[in-house]
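Engineer: Please see the structure below; I have some questions.
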Amino acid sequence: MKKRNLMIIAILISIITIEGIAYASTSWEPQPYPYMYSRTAWDARSADTSDMTTRGEGDCLIFHHTAWNFSSTSLSDCAEEIRDVQDYHMDDNGYADIGYHYVIDPSGRIWRGRSDNYEGAHTYSNNENIGIVVLGDFEGYWGVGANRLTDDSFDAMCSLSKWLAYRDSLDLPIAYNHSDFSSTVCPGRYMEYYVWDDLRGHLNTYMEES
Amino acid sequence: MIKKITLIIAILFLCLTSVLFINATTNDFESRTGGLHQIKDMSMDLNNQDEAKIIFNMANSPNMTKPKVTILGEDEPVFFGEKKVEDPSLGKYKVELMFTDTRIQKEVRNRLGLKTNSINTKGSLLEGSLLQNAPTISKNSLLQSIKVAYPPDDSLMVIYLGCKSKPNVDLQQENNQLIVNLKTN
């Protein structure tokens, strides 16, 4: 009788442990790697890696806007805009590199920003998480003069999120706005709900556990 | 018929007023500086020995949240680049004003830079003309330095006010101004 009880307890403990491991690290079905433009493509300056911290295990993706009005889909304009963001972060803010790990432009291109081996400089106290910025100002002045998120940008947000979630075994809900962590308006009223509703809904529907 | 015309005129007047209002509140805004609120300029009143008044002139500040105020001691680190470091050059005490979604416009930003700007006993700054309206004579002995820093977060900006002794801080918001009053404790 005692042996049987011990066996039942052992089985229960094993089940709880396995479930615990599965919960802690979700294993997703492989996701396609989206094409990404390298740092060379936007003529990035070298990062000052001596001033950067190795990134720990993040558990989500944090979305931002640049808060600079931008709607061009031209490759050269987008590259120049990313370079401007890097200059602003390095020269005006004193950062070691561009603050975000990935950049998405209005035509849905994905560009590599800061290496995701390093902590970002996008969300204070949460920089171990991946920071993704979409070029544009999605807040404006009370919404006036704001950019609107394009379908192509949204598609890129989905494909990048799915691939990163798979690569890093992130748990749902994967996507957050910067404003979920502090009292900022970033990423703006015309992007925020895309992240909260559409992107999260999309990921809930299409991410399948392996 | 008259009613219709009156209504049309009223609607047109409303539209025109809205456009003028939006224009008036945004035309001093630098689009490439970003942020929801911007500091256009700053001035100081340093005519009292134990008091200092720092006035920030704002663009687009009606709904601005006041900055978070923290008083830091000598050994407490301050933001520098993406990290925090000790900076004894600021002064014995540091008033940390942490702004959200607020940026400094280019001209003032360039004048301040990221360095510690010392304020000498005569009220002007040691390194060039930081302040447009800097008084030439001052009895002030409380405020010693000013420095801007950007924590690793695209919505945060910090202004440090270095003080000789521990100050009392009072913040006031009037029209498009944010006034910081420092008094010796």
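Ligands are numbered from 1 in the order shown, residues from 1 within each chain, and chains are lettered A, B, ... in the order they appear in the structure tokens.
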Which residues come within 8 Å of range 50-52 of chain A, counting only C-alpha atoms, excluding same-chain residues fewer than 2 positions away, as a list in words?
Structural biologist: Asp48, Thr54, Ala96, Tyr118 and Glu119 of chain A; Glu82 of chain B
Engineer: Could you list, as a ChimeraX atom specification, every residue within 9 Å of Leu36 in chain B, counting only C-alpha atoms and ignoring same-chain residues fewer than 5 positions away?
Structural biologist: /A:67,139-141,185 /B:60-61,64,100-103
Engineer: Show me, as a ChimeraX atom specification, the residues that have an atom within 10 Å of Tyr33 in chain A when counting only C-alpha atoms, minus same-chain residues fewer than 6 positions from it.
Structural biologist: /A:159-160,162-164,166-167
Engineer: Quick one: which chain A residues come within 6 Å of chain B, and what is the nearest atom pair for each with the distance in Å to one decimal, counting only C-alpha atoms, rows ordered by chain and ascending number, as a Markdown table?
Structural biologist:
```
| residue | atom | partner | partner_atom | distance |
| --- | --- | --- | --- | --- |
| A:Ala67 | CA | B:Gly34 | CA | 5.6 |
| A:Trp68 | CA | B:Arg32 | CA | 5.9 |
| A:Asn93 | CA | B:Tyr150 | CA | 5.3 |
| A:Gly94 | CA | B:Gly81 | CA | 4.4 |
| A:Tyr95 | CA | B:Gly81 | CA | 4.9 |
| A:Ala121 | CA | B:Pro152 | CA | 4.1 |
| A:His122 | CA | B:Asp153 | CA | 4.1 |
| A:Thr123 | CA | B:Asp153 | CA | 4.4 |
| A:Tyr124 | CA | B:Asp153 | CA | 4.9 |
```
Engineer: Could you jot down the CA of Tyr193 in chain A to CA of Pro62 in chain B separation for me, Å, one decimal place?
Structural biologist: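 CA of Pro62 in chain B lies 25.1 Å from CA of Tyr193 in chain A.
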Engineer: Enumerate, as a ChimeraX atom specification, the complete set of residues in chain B that a backbone-based DSSP assignment places in alpha helix (DSSP H).
Structural biologist: /B:2-26,106-112
Engineer: Keeping only N, CA and C atoms, take the residues you just selected and write them out as a JSON list (two decimals), in the first residue's frame.
Structural biologist:
```
[["chain", "number", "residue", "atom", "x", "y", "z"],
["B", 2, "ILE", "N", -31.81, 82.14, -43.51],
["B", 2, "ILE", "CA", -30.87, 82.90, -42.65],
["B", 2, "ILE", "C", -30.25, 81.96, -41.62],
["B", 3, "LYS", "N", -31.12, 81.07, -41.11],
["B", 3, "LYS", "CA", -30.65, 80.10, -40.11],
["B", 3, "LYS", "C", -29.53, 79.23, -40.69],
["B", 4, "LYS", "N", -29.76, 78.80, -41.95],
["B", 4, "LYS", "CA", -28.77, 77.94, -42.62],
["B", 4, "LYS", "C", -27.44, 78.66, -42.77],
["B", 5, "ILE", "N", -27.52, 79.91, -43.23],
["B", 5, "ILE", "CA", -26.29, 80.70, -43.44],
["B", 5, "ILE", "C", -25.56, 80.90, -42.11],
["B", 6, "THR", "N", -26.34, 81.20, -41.06],
["B", 6, "THR", "CA", -25.74, 81.39, -39.73],
["B", 6, "THR", "C", -25.02, 80.13, -39.29],
["B", 7, "LEU", "N", -25.68, 78.99, -39.55],
["B", 7, "LEU", "CA", -25.10, 77.70, -39.15],
["B", 7, "LEU", "C", -23.79, 77.44, -39.91],
["B", 8, "ILE", "N", -23.82, 77.71, -41.22],
["B", 8, "ILE", "CA", -22.62, 77.50, -42.04],
["B", 8, "ILE", "C", -21.48, 78.40, -41.56],
["B", 9, "ILE", "N", -21.81, 79.67, -41.28],
["B", 9, "ILE", "CA", -20.78, 80.60, -40.80],
["B", 9, "ILE", "C", -20.22, 80.12, -39.46],
["B", 10, "ALA", "N", -21.11, 79.64, -38.60],
["B", 10, "ALA", "CA", -20.67, 79.14, -37.28],
["B", 10, "ALA", "C", -19.73, 77.97, -37.43],
["B", 11, "ILE", "N", -20.09, 77.04, -38.34],
["B", 11, "ILE", "CA", -19.23, 75.85, -38.57],
["B", 11, "ILE", "C", -17.87, 76.27, -39.13],
["B", 12, "LEU", "N", -17.90, 77.19, -40.10],
["B", 12, "LEU", "CA", -16.65, 77.67, -40.69],
["B", 12, "LEU", "C", -15.77, 78.33, -39.65],
["B", 13, "PHE", "N", -16.40, 79.14, -38.79],
["B", 13, "PHE", "CA", -15.67, 79.83, -37.72],
["B", 13, "PHE", "C", -15.01, 78.83, -36.77],
["B", 14, "LEU", "N", -15.78, 77.78, -36.45],
["B", 14, "LEU", "CA", -15.28, 76.73, -35.55],
["B", 14, "LEU", "C", -14.07, 76.01, -36.16],
["B", 15, "CYS", "N", -14.20, 75.68, -37.46],
["B", 15, "CYS", "CA", -13.10, 74.99, -38.16],
["B", 15, "CYS", "C", -11.84, 75.87, -38.16],
["B", 16, "LEU", "N", -12.05, 77.14, -38.50],
["B", 16, "LEU", "CA", -10.93, 78.09, -38.59],
["B", 16, "LEU", "C", -10.25, 78.24, -37.22],
["B", 17, "THR", "N", -11.07, 78.35, -36.18],
["B", 17, "THR", "CA", -10.52, 78.50, -34.83],
["B", 17, "THR", "C", -9.70, 77.26, -34.45],
["B", 18, "SER", "N", -10.24, 76.07, -34.79],
["B", 18, "SER", "CA", -9.53, 74.82, -34.46],
["B", 18, "SER", "C", -8.18, 74.77, -35.16],
["B", 19, "VAL", "N", -8.19, 75.13, -36.46],
["B", 19, "VAL", "CA", -6.94, 75.11, -37.24],
["B", 19, "VAL", "C", -5.93, 76.08, -36.63],
["B", 20, "LEU", "N", -6.41, 77.28, -36.30],
["B", 20, "LEU", "CA", -5.52, 78.29, -35.71],
["B", 20, "LEU", "C", -4.98, 77.82, -34.38],
["B", 21, "PHE", "N", -5.84, 77.16, -33.59],
["B", 21, "PHE", "CA", -5.42, 76.66, -32.27],
["B", 21, "PHE", "C", -4.33, 75.60, -32.41],
["B", 22, "ILE", "N", -4.61, 74.65, -33.31],
["B", 22, "ILE", "CA", -3.63, 73.57, -33.51],
["B", 22, "ILE", "C", -2.31, 74.14, -34.02],
["B", 23, "ASN", "N", -2.42, 75.09, -34.97],
["B", 23, "ASN", "CA", -1.23, 75.71, -35.54],
["B", 23, "ASN", "C", -0.44, 76.47, -34.48],
["B", 24, "ALA", "N", -1.19, 77.24, -33.66],
["B", 24, "ALA", "CA", -0.53, 78.06, -32.63],
["B", 24, "ALA", "C", 0.19, 77.21, -31.61],
["B", 25, "THR", "N", -0.36, 76.03, -31.34],
["B", 25, "THR", "CA", 0.25, 75.20, -30.31],
["B", 25, "THR", "C", 1.34, 74.30, -30.85],
["B", 26, "THR", "N", 1.42, 74.17, -32.18],
["B", 26, "THR", "CA", 2.43, 73.25, -32.70],
["B", 26, "THR", "C", 3.52, 73.94, -33.51],
["B", 106, "LYS", "N", 16.77, 71.62, -30.21],
["B", 106, "LYS", "CA", 18.14, 71.48, -30.69],
["B", 106, "LYS", "C", 19.12, 72.51, -30.14],
["B", 107, "GLU", "N", 18.74, 73.78, -30.19],
["B", 107, "GLU", "CA", 19.68, 74.83, -29.81],
["B", 107, "GLU", "C", 20.13, 74.68, -28.35],
["B", 108, "VAL", "N", 19.16, 74.49, -27.47],
["B", 108, "VAL", "CA", 19.49, 74.34, -26.04],
["B", 108, "VAL", "C", 20.22, 73.02, -25.80],
["B", 109, "ARG", "N", 19.78, 72.01, -26.56],
["B", 109, "ARG", "CA", 20.42, 70.69, -26.44],
["B", 109, "ARG", "C", 21.91, 70.78, -26.78],
["B", 110, "ASN", "N", 22.20, 71.51, -27.86],
["B", 110, "ASN", "CA", 23.59, 71.67, -28.27],
["B", 110, "ASN", "C", 24.39, 72.47, -27.25],
["B", 111, "ARG", "N", 23.74, 73.48, -26.66],
["B", 111, "ARG", "CA", 24.45, 74.30, -25.67],
["B", 111, "ARG", "C", 24.77, 73.49, -24.41],
["B", 112, "LEU", "N", 23.81, 72.65, -24.01],
["B", 112, "LEU", "CA", 24.01, 71.86, -22.79],
["B", 112, "LEU", "C", 24.92, 70.66, -23.01]]
```
Engineer: Residues near Arg55 in chain A, anyone? I mean within 10 Å using only C-alpha atoms, not counting same-chain ones fewer than 2 positions away, as a list in words.
Structural biologist: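 Non-adjacent residues within range: Met52, Thr53, Glu57, Gly58, Ser115, Asp116, Asn117, Tyr118, Glu119, Gly120, Asn127, Glu128, Asn129 and Ile130 of chain A.
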Engineer: Write the residues of the preceding selection, restricted to N, CA and C atoms, as a compact mmCIF listing (two decimals), in the first residue's frame.
Structural biologist:
```txt
# COMPACT_ATOMS: atom_id res chain seq x y z
N MET A 52 28.47 48.24 -23.61
CA MET A 52 27.19 47.52 -23.71
C MET A 52 27.18 46.29 -22.81
N THR A 53 25.98 45.90 -22.38
CA THR A 53 25.81 44.77 -21.47
C THR A 53 25.25 43.58 -22.24
N GLU A 57 18.14 36.61 -20.57
CA GLU A 57 17.00 35.98 -21.22
C GLU A 57 15.79 36.90 -21.16
N GLY A 58 15.40 37.43 -22.26
CA GLY A 58 14.20 38.25 -22.29
C GLY A 58 12.98 37.36 -22.41
N SER A 115 22.89 44.58 -32.14
CA SER A 115 22.95 43.12 -32.03
C SER A 115 22.12 42.67 -30.83
N ASP A 116 21.31 41.63 -31.03
CA ASP A 116 20.50 41.20 -29.88
C ASP A 116 21.27 40.31 -28.91
N ASN A 117 22.58 40.26 -29.08
CA ASN A 117 23.42 39.66 -28.03
C ASN A 117 23.57 40.65 -26.87
N TYR A 118 23.24 41.91 -27.16
CA TYR A 118 23.39 42.95 -26.15
C TYR A 118 22.04 43.52 -25.72
N GLU A 119 22.00 44.03 -24.50
CA GLU A 119 20.80 44.70 -24.02
C GLU A 119 20.51 45.91 -24.90
N GLY A 120 19.25 46.22 -25.06
CA GLY A 120 18.87 47.40 -25.83
C GLY A 120 18.93 48.65 -24.99
N ASN A 127 15.37 46.20 -20.63
CA ASN A 127 16.17 46.17 -21.85
C ASN A 127 16.76 44.80 -22.18
N GLU A 128 16.47 43.81 -21.34
CA GLU A 128 16.87 42.44 -21.69
C GLU A 128 15.90 41.87 -22.74
N ASN A 129 14.77 42.55 -22.90
CA ASN A 129 13.80 42.14 -23.93
C ASN A 129 14.16 42.78 -25.27
N ILE A 130 13.69 42.14 -26.33
CA ILE A 130 14.00 42.66 -27.67
C ILE A 130 13.15 43.90 -27.96
```
Engineer: Quick one: pull the distance between CA of Ser76 in chain A and CA of Asp43 in chain A, Å, one decimal.
Structural biologist: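 About the pair CA of Ser76 in chain A and CA of Asp43 in chain A: they are 10.5 Å apart.
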Engineer: For the structure I just gave you, how does DSSP split range 43-161 of chain A - specifically, which residues are strand (DSSP E)? Reply as number ranges by chain.
Structural biologist: A: 61-65, 102-104, 110-112, 130-134
Engineer: With N, CA and C atoms retained, could you export that selection as an mmCIF file, in the first residue's frame?
Structural biologist:
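Heads up, here's the output in out.cif:
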```cif
data_model
loop_
_atom_site.group_PDB
_atom_site.id
_atom_site.type_symbol
_atom_site.label_atom_id
_atom_site.label_comp_id
_atom_site.auth_asym_id
_atom_site.auth_seq_id
_atom_site.Cartn_x
_atom_site.Cartn_y
_atom_site.Cartn_z
ATOM 1 N N LEU A 61 8.666 40.758 -26.558
ATOM 2 C CA LEU A 61 9.093 41.729 -27.557
ATOM 3 C C LEU A 61 8.400 43.048 -27.226
ATOM 4 N N ILE A 62 9.153 44.159 -27.276
ATOM 5 C CA ILE A 62 8.564 45.454 -26.933
ATOM 6 C C ILE A 62 8.588 46.360 -28.173
ATOM 7 N N PHE A 63 7.411 46.872 -28.530
ATOM 8 C CA PHE A 63 7.277 47.679 -29.749
ATOM 9 C C PHE A 63 7.303 49.176 -29.452
ATOM 10 N N HIS A 64 7.970 49.902 -30.349
ATOM 11 C CA HIS A 64 8.155 51.357 -30.223
ATOM 12 C C HIS A 64 7.853 52.027 -31.559
ATOM 13 N N HIS A 65 7.721 53.353 -31.504
ATOM 14 C CA HIS A 65 7.772 54.145 -32.741
ATOM 15 C C HIS A 65 8.938 55.123 -32.585
ATOM 16 N N TYR A 102 15.682 45.730 -33.701
ATOM 17 C CA TYR A 102 15.174 45.582 -35.070
ATOM 18 C C TYR A 102 14.376 46.826 -35.454
ATOM 19 N N VAL A 103 14.405 47.129 -36.740
ATOM 20 C CA VAL A 103 13.682 48.300 -37.257
ATOM 21 C C VAL A 103 12.797 47.827 -38.408
ATOM 22 N N ILE A 104 11.562 48.320 -38.428
ATOM 23 C CA ILE A 104 10.636 47.989 -39.525
ATOM 24 C C ILE A 104 10.258 49.291 -40.230
ATOM 25 N N ILE A 110 12.552 44.611 -42.916
ATOM 26 C CA ILE A 110 13.068 44.451 -41.550
ATOM 27 C C ILE A 110 14.571 44.705 -41.600
ATOM 28 N N TRP A 111 15.043 45.558 -40.707
ATOM 29 C CA TRP A 111 16.469 45.927 -40.690
ATOM 30 C C TRP A 111 17.039 45.538 -39.335
ATOM 31 N N ARG A 112 18.251 45.061 -39.350
ATOM 32 C CA ARG A 112 18.926 44.739 -38.085
ATOM 33 C C ARG A 112 19.436 46.023 -37.434
ATOM 34 N N ILE A 130 13.693 42.141 -26.330
ATOM 35 C CA ILE A 130 13.996 42.656 -27.668
ATOM 36 C C ILE A 130 13.152 43.898 -27.961
ATOM 37 N N GLY A 131 13.817 44.955 -28.436
ATOM 38 C CA GLY A 131 13.124 46.195 -28.785
ATOM 39 C C GLY A 131 12.977 46.313 -30.286
ATOM 40 N N ILE A 132 11.740 46.487 -30.747
ATOM 41 C CA ILE A 132 11.470 46.623 -32.189
ATOM 42 C C ILE A 132 10.827 47.984 -32.418
ATOM 43 N N VAL A 133 11.385 48.737 -33.351
ATOM 44 C CA VAL A 133 10.826 50.058 -33.635
ATOM 45 C C VAL A 133 10.266 50.099 -35.050
ATOM 46 N N VAL A 134 9.152 50.758 -35.206
ATOM 47 C CA VAL A 134 8.593 50.994 -36.537
ATOM 48 C C VAL A 134 8.836 52.460 -36.860
#
```
Engineer: Considering only C-alpha atoms, return as a ChimeraX atom specification whatever protein or nucleic-acid residues lie within 8 Å of Asn57 in chain B, sequence-local ones (same chain, fewer than 2 positions apart) excluded.
Structural biologist: /B:39-42,55,59,176-178
